[in-house]
Amino acid sequence: MTLQEKTAQLFGVWVGASDEGGEVAPYQHDMEESVSLEALLPQGLGQLTRSFGTAPVDPALGALSLLRTQRSIAAANRFGIPAVAHEECLAGFAAWGATAYPVPLAWGATFHPELIGAMAGRIGRDMRSVGVHQGLAPVLDVVRDARWGRVEETIGEDPYLVGTLATAYVKGLESAGVVATLKHFAGYSASRAGRNLAPVSMGERERADVILPPFEMAVRESGARSVMHAYTDTDGLPSAADERLLTGLLRERWGFTGTVVADYFGIAFLKTLHGVAATLGEAAGAALAAGVDVELPTVKAFGEPLLKAVADGRTAEELVDRALRRVLIQKAQLGLLDAGWDPVPEALAGTADGDPARLRGTVDLDSAANRALAREVAEQSIVLLRNDGVLPLGRPARIALIGPNADTPTAVLGCYAFPVHVGERHPEVPAGIELPTLREALAAQFPDTEIVTAPGASVDGPDTGGFARATELAQTADVVVLALGDRAGLFGRGTSGEGCDVESLRLPGVQQELLDTLLDCGTPVVVTLLAGRPYALGRAVTDSAAVVQSFFPGEEGTTAIAGVLAGRVNPSGRLPISVPRRPGVQESGYLAARLGQASEVSSIDPTPAFAFGHGLSYTTFHWTALDVPSLQAGTDGEIELAFTVRNTGQRAGTEVVQLYLHDPVASVVRPVQRLIGYRRLPLAAGEAARVRVTVPADLASFTGRDGQRAVEPGDLELRLGASSSDLRLTVSCTLTGPVRRLDHTRRLHAVFTVTPAVTG
């Protein structure tokens, strides 16, 4: 291959599919110059960027447009190599008419990896059915500051929870033949003050023990075939130019063999934002040397600037060859280099050469099975934070549904859902999926109840003129359902989403004032949140009748919320992120050392209103009969324990057993406790389960003073609880023997075994 043919495989072109079934056309992004496909294709092309995710297009005609383009790409270059087609799939395939599942923060609330894996499998099969090869998900960033706009895209604030659910998602996506992309590697979520792309100032130990473990787990266990670098710099070194991170750690230590792709425009940002490269050619050379293989979304640094840098001897052609080898191996794995390669996807089998007009409407990306699974995820993600007994509602004669999210179809969607991410630029085009509002869902769930509605206020506006009408309706109702929260958007166009960072965790606009006004009405208020991050709720923590938290629960979200309010669904969600007590206290997360919690040496109390792992049920659970055969093990051994959980209520429900580790004395400062295992336990009324847990000493390891991971001898506490603040059983145990060094092959999981409890 010539140098031009080699580099052509290392970049994408951002395109949009034709809604008439013709070939794709380059998308003119405001950050890029126009690109001529005709000029590029004789050399080949590495990737096609978001042909479905750029503008609304009928799925069948989008698939036809993509396959015709793939034929042209293969025919235009002398090796017949087609492109990898990638799309966003953060909360479902980001295409018009595709199922909008709950956002990743809602996945975290389920504490249910198997369910998230099943969801990802469905997403992947839909993508492959129309010709897509790679999905730019999941996000493995661990939340460090909830003011960051992209909190909704994360799975939560605990690295073990993030790692297990992200790994399950990757397995599901890869099982469908779609390349999963781990992002953003690494440290993006730790930017200063929660500002998007701001510098990261964490130390090596925080990076090793909080930020990196989810990526390590996914690389080891999931079969992920791609990684996306982070935009941010850590202590002055941008991830896109960090050879120690992208090559030394990711490849040489962890053994990753797939491709590393650039976050959109990230290579050029080495010049334009970070200032570590004087030219695009220098940026290209730095990224290649660090280990970035593919420039996305479109050609910039890896085009003419890279060709010139190689010709001038400033970048070694061997670096191009290294990246090319990885790209071609991945294309071979996808079957794109097979002699009999055929671009016709499953959805168009037998119809690809027919009349495009007859194809319209023939591909369903939002099937009944998809919707049922979306509803199940939504139901399991809803967290009941507070309940004075008002829930479930029974049969109220009159419900006053108040709030800015009471009658808004898109209130259930995050910023990467197609109707928000792309659809807002095309208001003339319908959403493509059914998005029942909370008003519609309550009307369906309570057919004999009068439901009166008023917004009271907008999501983020200053106007309080609607308070009077809201108060009037509240005073004449049996109960108020107050729908508060966020509006997803991008770069300041929403209150949550990429580039929508906030100064504090106060509810947007005048929502707190609306909440306080209604709490003074005397009617029970059920605060219902449809949000992308946790917010301080003020008086609602103590004065509301109930608080129901959802995190952008997707197209079936309002139906799930209505089911929880009515009691059709027994809530089983648990907080993947702490809910702050005060809006200006950062951080309020549970993963803190002693001096990061409330103390006598600071006037600021960061104790959350509702802690990580918290979530109530309509039934009760009793934990008993703790048995620990031995309270001592070697630093290379394991502790075994067993206990019984019984549903002592009158209806079926799910307890979420959470296992935390407390290390009272260590050679470096440690978090007071951290999650090392969990298990959902669905139990019928009166049913009991015996839970046995094997805890490897490896789970007590951490990064020591010398920068190496080790298990130290000494006393530990294994804490079993319904949340990080509701601990039911504690095991005090001791590890004996020498300090034991560990590497990336260490054991990562406690083993849970559940059997029916023996009674009598």
# chains A, B, ... in the order shown; residues from 1 in each chain; ligands from 1
>>> select_by_dssp(residues="stretch 247-409 of chain A", states="alpha helix (DSSP H)", output="count of residues only")
61
>>> residues_around(residues="stretch 347-361 of chain A", least_positions_apart="4", cutoff="7 Å", atoms="only C-alpha atoms", output="short mmCIF file (atom, residue, chain, number, x, y, z; two decimals) with N, CA and C atoms, in the first residue's frame")
data_model
loop_
_atom_site.label_atom_id
_atom_site.label_comp_id
_atom_site.auth_asym_id
_atom_site.auth_seq_id
_atom_site.Cartn_x
_atom_site.Cartn_y
_atom_site.Cartn_z
N GLU A 20 -33.66 9.06 0.56
CA GLU A 20 -34.21 8.50 -0.67
C GLU A 20 -33.49 7.21 -1.05
N GLY A 21 -32.51 6.80 -0.23
CA GLY A 21 -31.78 5.57 -0.51
C GLY A 21 -30.54 5.75 -1.34
N ASP A 58 -35.40 7.32 7.29
CA ASP A 58 -36.09 6.05 7.45
C ASP A 58 -35.05 4.93 7.56
N ALA A 60 -34.86 1.77 6.80
CA ALA A 60 -34.63 0.93 5.62
C ALA A 60 -33.88 1.71 4.54
N LEU A 61 -34.26 2.95 4.33
CA LEU A 61 -33.59 3.75 3.31
C LEU A 61 -32.20 4.17 3.77
N LEU A 64 -30.13 1.20 2.99
CA LEU A 64 -29.88 1.16 1.55
C LEU A 64 -28.81 2.18 1.16
N SER A 129 -28.23 -5.13 12.01
CA SER A 129 -29.25 -5.45 11.01
C SER A 129 -29.30 -4.43 9.88
N VAL A 130 -28.80 -3.23 10.12
CA VAL A 130 -28.82 -2.20 9.07
C VAL A 130 -27.42 -1.84 8.59
#
>>> closest_atom_pairs(of="stretch 60-163 of chain A", to="stretch 479-497 of chain A", cutoff="9 Å", atoms="only C-alpha atoms", output="JSON lines")
{"residue": "A:Trp148", "atom": "CA", "partner": "A:Gly497", "partner_atom": "CA", "distance": 8.5}
{"residue": "A:Gly149", "atom": "CA", "partner": "A:Gly497", "partner_atom": "CA", "distance": 4.7}
{"residue": "A:Arg150", "atom": "CA", "partner": "A:Gly497", "partner_atom": "CA", "distance": 5.0}
{"residue": "A:Val151", "atom": "CA", "partner": "A:Gly497", "partner_atom": "CA", "distance": 7.6}
{"residue": "A:Glu152", "atom": "CA", "partner": "A:Gly497", "partner_atom": "CA", "distance": 6.8}
{"residue": "A:Glu153", "atom": "CA", "partner": "A:Gly497", "partner_atom": "CA", "distance": 7.9}
>>> residues_around(residues="stretch 309-325 of chain A", least_positions_apart="5", cutoff="8 Å", atoms="only C-alpha atoms", output="ChimeraX atom specification")
/A:6-7,9-10,259,281-282,285,288-289,291-294
>>> write_last_selection(atoms="N, CA, C and O atoms", output="compact mmCIF listing (two decimals), in the first residue's frame")
# COMPACT_ATOMS: atom_id res chain seq x y z
N LYS A 6 -2.45 3.89 3.06
CA LYS A 6 -2.35 3.52 4.48
C LYS A 6 -3.10 4.52 5.36
O LYS A 6 -3.93 4.13 6.19
N THR A 7 -2.79 5.79 5.21
CA THR A 7 -3.40 6.79 6.08
C THR A 7 -4.90 6.90 5.86
O THR A 7 -5.65 7.25 6.78
N GLN A 9 -6.95 4.61 5.70
CA GLN A 9 -7.62 3.64 6.57
C GLN A 9 -7.68 4.12 8.02
O GLN A 9 -8.31 3.48 8.86
N LEU A 10 -7.02 5.25 8.30
CA LEU A 10 -6.88 5.71 9.67
C LEU A 10 -7.78 6.89 10.02
O LEU A 10 -7.60 7.51 11.06
N THR A 259 -8.49 -1.48 18.56
CA THR A 259 -8.14 -0.15 18.06
C THR A 259 -8.41 0.91 19.11
O THR A 259 -9.35 0.79 19.90
N GLY A 281 0.19 18.48 11.86
CA GLY A 281 1.13 17.38 11.63
C GLY A 281 1.77 16.92 12.92
O GLY A 281 1.93 15.72 13.15
N GLU A 282 2.16 17.86 13.78
CA GLU A 282 2.72 17.49 15.07
C GLU A 282 1.67 16.78 15.93
O GLU A 282 1.98 15.82 16.63
N GLY A 285 1.38 13.21 14.69
CA GLY A 285 2.51 12.41 15.12
C GLY A 285 2.46 12.07 16.58
O GLY A 285 2.76 10.93 16.99
N LEU A 288 -0.37 9.37 17.11
CA LEU A 288 0.07 8.06 16.62
C LEU A 288 1.11 7.45 17.56
O LEU A 288 1.05 6.26 17.88
N ALA A 289 2.08 8.25 18.00
CA ALA A 289 3.12 7.74 18.89
C ALA A 289 2.53 7.27 20.21
O ALA A 289 2.99 6.29 20.80
N GLY A 291 -0.48 6.05 20.63
CA GLY A 291 -1.24 4.83 20.43
C GLY A 291 -2.62 5.02 19.86
O GLY A 291 -3.43 4.08 19.83
N VAL A 292 -2.96 6.23 19.38
CA VAL A 292 -4.24 6.46 18.72
C VAL A 292 -4.15 5.94 17.29
O VAL A 292 -3.22 6.28 16.56
N ASP A 293 -5.13 5.15 16.88
CA ASP A 293 -5.10 4.51 15.57
C ASP A 293 -6.00 5.17 14.53
O ASP A 293 -5.71 5.11 13.34
N VAL A 294 -7.11 5.76 14.98
CA VAL A 294 -8.12 6.24 14.04
C VAL A 294 -8.55 7.65 14.45
O VAL A 294 -8.88 7.90 15.62
>>> residues_around(residues="A:Pro455", least_positions_apart="4", cutoff="6 Å", atoms="only C-alpha atoms", output="tab-separated table (two decimals) with N, CA, C and O atoms, in the first residue's frame")
chain	number	residue	atom	x	y	z
A	402	ILE	N	-48.33	18.50	38.63
A	402	ILE	CA	-47.75	19.82	38.48
A	402	ILE	C	-46.28	19.67	38.07
A	402	ILE	O	-45.63	18.69	38.41
A	403	GLY	N	-45.77	20.67	37.38
A	403	GLY	CA	-44.33	20.70	37.14
A	403	GLY	C	-43.96	20.80	35.68
A	403	GLY	O	-44.74	20.44	34.79
A	404	PRO	N	-42.75	21.27	35.42
A	404	PRO	CA	-42.31	21.47	34.03
A	404	PRO	C	-42.15	20.19	33.25
A	404	PRO	O	-42.13	20.22	32.02
>>> closest_residue(among="A:Thr734, A:Gln597, A:Ser381, A:Thr110", to="A:Val665", atoms="only C-alpha atoms")
A:Thr734
>>> residues_around(residues="stretch 616-633 of chain A", least_positions_apart="6", cutoff="9 Å", atoms="only C-alpha atoms", output="number ranges by chain")
A: 383-387, 391-392, 567, 570-574, 639-655, 685, 697, 728-737
>>> closest_residue(among="A:Ala120, A:Ala332, A:Leu591, A:Leu716", to="A:Ala666", atoms="only C-alpha atoms")
A:Leu716
